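Heads up: the structure comes next, in structure tokens.
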Amino acid sequence: MEGVWMEHGFRRRQLLGRGGFSRVYCVEESETGRYYACKVSGNRELLKREAEFLREAVHPLFPGFRDLWEEDETGYLVTDFVPGSSLESLLERRGRFSEAQVARIGMELAEGLLFLHERGGGLIFRDVKPANIMIRQDGRIKLLDIGCACRIGESRAGIAGTPGYAAPEQLEGSRGLTVRCDVYGLGMTLKIIAGGGGRGRLSRVIAACTRQEPSRRLPDMRSVLGELSGCGRGKCRMPQTELSRSGILVQKNIWESSWKTP
């Protein structure tokens, strides 16, 4: 296997993780010395689909696509390597996050998901959860593993997602899924990191995102951004920049220096 990577200009460094159908390695580009993540899977069609989605998800929330090749019935997908800590591991260490922190995490995610939903034919991520959210060493968020994504309204999307975070209609295999699936996943993620639902306005936003019936949830990420913008107001000193698509002010840096991961 090492020879396969060398032929494509990479050296394997270490195993980062494994799932049911794939393994992810840290690899070093021989020419530049830069590190990347390489997903290896025998399911080449799923890997091709993931690569297709990554090429479309050109946004700071998502890792960039680098390369894709096949060798001996195995697929290799190379993407940006994201150093830092997962939101899941930070949650285990901290127990919960403050209202202002939860709101800023939610806004960062909602901005990127809004881009994904409105890009071209539109994509639904379908697997928003703390384990897929990385807090980089510079304090920015990355959302990993776009392999569960599908087109908005796709009739053959199939069942995908993680129980406890996936919307009910995803796990039922419903056809014609909408962006409300990601609204639900984002809401469940915020509920968990808030310690069970938060308080005040934040709790109401989370409740509006996580209703079982899709038609009763907030309709899209533009609405989520609008609701979250009022949570924790006055507790955040980070600079704001204008979100061009929605016109809503979004906190681009969600961690102050004292919160950054080592």
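Ordering of the structure tokens sets the chain letters (A, B, ...); residue numbers start at 1 within each chain; ligands are numbered from 1 in the order shown.
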Please report, as JSON, numbers by chain, each residue of region 11-194 of chain A to which DSSP assigns strand (DSSP E) when run on this structure's backbone. {"A": [11, 12, 13, 14, 15, 16, 17, 18, 22, 23, 24, 25, 26, 27, 28, 29, 35, 36, 37, 38, 39, 40, 41, 65, 66, 67, 68, 69, 70, 71, 74, 75, 76, 77, 78, 79, 80, 84, 85, 86, 123, 124, 133, 134, 135, 136, 141, 142, 143, 150, 151]}
ask   = region 69-241 of chain A: which residues are helix (DSSP H, G or I) by DSSP, as a PyMOL selection string?
value = chain A and resi 87-94+99-118+130-132+146-148+168-171+180-193+200-209+214-216+221-228
task: Please provide as a ChimeraX atom specification all residues within 9 Å of Thr162 (chain A), with the sequence filter that same-chain residues fewer than 4 positions apart are discarded (counting only C-alpha atoms).
output: /A:126-129,166-167,171
Please tabulate, as JSON lines, the residues of region 127-221 of chain A that come within 12 Å of region 12-22 of chain A, each with its closest pair of atoms and the distance in Å to one decimal, counting only C-alpha atoms and ordering rows by chain, then residue number upward.
{"residue": "A:Ala131", "atom": "CA", "partner": "A:Gly17", "partner_atom": "CA", "distance": 11.7}
{"residue": "A:Asp145", "atom": "CA", "partner": "A:Gly19", "partner_atom": "CA", "distance": 11.1}
{"residue": "A:Gly147", "atom": "CA", "partner": "A:Ser22", "partner_atom": "CA", "distance": 11.0}
Selection file, all heavy atoms, as a CSV table (one decimal), in the first residue's frame:
chain,number,residue,atom,x,y,z
A,131,ALA,N,-18.8,14.7,16.5
A,131,ALA,CA,-17.7,14.0,16.0
A,131,ALA,C,-17.2,14.4,14.7
A,131,ALA,O,-16.0,14.2,14.4
A,131,ALA,CB,-18.0,12.5,16.0
A,145,ASP,N,-16.3,14.9,6.7
A,145,ASP,CA,-17.0,13.7,6.2
A,145,ASP,C,-18.3,14.0,5.5
A,145,ASP,O,-19.4,13.8,6.1
A,145,ASP,CB,-17.2,12.7,7.4
A,145,ASP,CG,-17.5,11.3,6.9
A,145,ASP,OD1,-17.6,11.1,5.7
A,145,ASP,OD2,-17.6,10.4,7.8
A,147,GLY,N,-19.4,12.4,3.1
A,147,GLY,CA,-19.8,11.2,2.4
A,147,GLY,C,-21.2,10.8,2.5
A,147,GLY,O,-21.8,10.1,1.7
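Of the residues under consideration (A:Gly42, A:Pro63, A:Gly164, A:Gly95), A:Gly42 shows the shortest atom-to-atom contact distance to Gly75 (chain A) when counting only C-alpha atoms.
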* Name all residues at most 10 Å from Gly230 (chain A) (count only C-alpha atoms; drop same-chain ones fewer than 6 positions away) and give them as JSON, numbers by chain. => {"A": [100, 103, 201, 202]}
At a cut-off of 10 Å, using only C-alpha atoms, what residues contact Gly158 (chain A)? Leave out same-chain residues fewer than 6 positions from it and give the result as a ChimeraX atom specification.
/A:148,150,170-175,177
In terms of only C-alpha atoms, the residue from A:Glu50, A:Glu45, A:Glu169, A:Glu56 at minimal distance from Glu73 (chain A) is A:Glu45
*Any idea what's packed within 8 Å of Ile152 (chain A), counting only C-alpha atoms, ignoring anything in its chain fewer than 2 positions away? Could you give it as an MDAnalysis selection string?*
chainID A and resid 117 121:124 150 154 176:179
CA of Gly9 (chain A) to CA of Ala149 (chain A) measures 28.7 Å
Give me the residues near region 188-198 of chain A as a short mmCIF file (atom, residue, chain, number, x, y, z; two decimals) with all heavy atoms, in the first residue's frame, where near means some atom within 7 Å (using only C-alpha atoms) and where sequence neighbours in that chain fewer than 6 positions away do not count.
data_model
loop_
_atom_site.label_atom_id
_atom_site.label_comp_id
_atom_site.auth_asym_id
_atom_site.auth_seq_id
_atom_site.Cartn_x
_atom_site.Cartn_y
_atom_site.Cartn_z
N LEU A 91 -16.16 18.41 24.14
CA LEU A 91 -17.35 18.27 24.98
C LEU A 91 -17.09 17.31 26.14
O LEU A 91 -17.51 17.56 27.28
CB LEU A 91 -18.52 17.77 24.14
CG LEU A 91 -19.88 17.63 24.84
CD1 LEU A 91 -20.36 18.98 25.34
CD2 LEU A 91 -20.89 17.02 23.88
N ARG A 96 -19.92 20.99 28.88
CA ARG A 96 -20.91 21.77 28.14
C ARG A 96 -20.25 23.09 27.74
O ARG A 96 -19.16 23.42 28.19
CB ARG A 96 -22.15 22.05 28.99
CG ARG A 96 -21.89 22.75 30.31
CD ARG A 96 -23.17 23.20 30.98
NE ARG A 96 -23.83 24.24 30.21
CZ ARG A 96 -24.98 24.79 30.56
NH1 ARG A 96 -25.63 24.36 31.63
NH2 ARG A 96 -25.52 25.74 29.83
N PHE A 97 -20.93 23.84 26.89
CA PHE A 97 -20.44 25.13 26.43
C PHE A 97 -21.42 26.23 26.85
O PHE A 97 -22.61 25.97 27.08
CB PHE A 97 -20.30 25.13 24.90
CG PHE A 97 -19.21 24.21 24.40
CD1 PHE A 97 -19.43 22.85 24.29
CD2 PHE A 97 -17.97 24.71 24.05
CE1 PHE A 97 -18.45 22.00 23.83
CE2 PHE A 97 -16.97 23.88 23.60
CZ PHE A 97 -17.21 22.52 23.49
N SER A 98 -20.94 27.46 26.92
CA SER A 98 -21.80 28.57 27.31
C SER A 98 -22.77 28.92 26.18
O SER A 98 -22.59 28.49 25.03
CB SER A 98 -20.94 29.80 27.62
OG SER A 98 -20.39 30.35 26.43
N GLU A 99 -23.78 29.69 26.51
CA GLU A 99 -24.77 30.10 25.51
C GLU A 99 -24.11 30.83 24.35
O GLU A 99 -24.43 30.58 23.18
CB GLU A 99 -25.83 30.99 26.15
CG GLU A 99 -26.91 31.45 25.17
CD GLU A 99 -27.94 32.33 25.82
OE1 GLU A 99 -28.02 32.35 27.08
OE2 GLU A 99 -28.69 33.01 25.10
N VAL A 102 -22.13 28.35 22.20
CA VAL A 102 -23.04 27.51 21.41
C VAL A 102 -23.59 28.29 20.23
O VAL A 102 -23.65 27.79 19.10
CB VAL A 102 -24.19 26.97 22.28
CG1 VAL A 102 -25.24 26.27 21.43
CG2 VAL A 102 -23.65 26.02 23.35
N GLY A 106 -22.97 27.46 16.30
CA GLY A 106 -24.12 27.27 15.43
C GLY A 106 -24.10 28.19 14.23
O GLY A 106 -24.44 27.76 13.10
N LYS A 129 -22.83 16.43 13.41
CA LYS A 129 -22.72 15.89 14.77
C LYS A 129 -21.37 16.31 15.34
O LYS A 129 -20.45 16.64 14.56
CB LYS A 129 -22.85 14.37 14.77
CG LYS A 129 -21.79 13.65 13.95
CD LYS A 129 -22.01 12.14 13.97
CE LYS A 129 -20.95 11.42 13.13
NZ LYS A 129 -21.15 9.94 13.13
N PRO A 130 -21.20 16.34 16.65
CA PRO A 130 -19.94 16.79 17.26
C PRO A 130 -18.71 16.04 16.78
O PRO A 130 -17.63 16.63 16.65
CB PRO A 130 -20.18 16.57 18.76
CG PRO A 130 -21.65 16.73 18.92
CD PRO A 130 -22.24 16.11 17.69
N TYR A 165 -28.84 12.21 15.98
CA TYR A 165 -28.57 13.48 15.30
C TYR A 165 -29.30 13.58 13.97
O TYR A 165 -29.67 14.68 13.55
CB TYR A 165 -27.06 13.66 15.06
CG TYR A 165 -26.27 13.78 16.34
CD1 TYR A 165 -25.66 12.67 16.91
CD2 TYR A 165 -26.16 15.00 17.00
CE1 TYR A 165 -24.93 12.77 18.08
CE2 TYR A 165 -25.45 15.11 18.19
CZ TYR A 165 -24.84 13.99 18.73
OH TYR A 165 -24.14 14.10 19.91
N ILE A 206 -33.25 25.99 19.55
CA ILE A 206 -32.97 24.56 19.46
C ILE A 206 -34.26 23.77 19.30
O ILE A 206 -34.35 22.85 18.48
CB ILE A 206 -32.17 24.09 20.69
CG1 ILE A 206 -30.75 24.68 20.64
CG2 ILE A 206 -32.12 22.57 20.76
CD1 ILE A 206 -29.93 24.43 21.89
N THR A 210 -35.47 21.20 16.11
CA THR A 210 -35.48 19.75 16.35
C THR A 210 -36.88 19.15 16.46
O THR A 210 -37.05 18.07 17.03
CB THR A 210 -34.68 19.42 17.62
OG1 THR A 210 -35.22 20.17 18.74
CG2 THR A 210 -33.22 19.78 17.44
#
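One finds CA of Asn132 (chain A) at 20.3 Å from CA of Leu225 (chain A).
Closest approach to Tyr76 (chain A) among A:Arg44, A:Arg104, A:Arg93, A:Arg55: A:Arg44, based on only C-alpha atoms.
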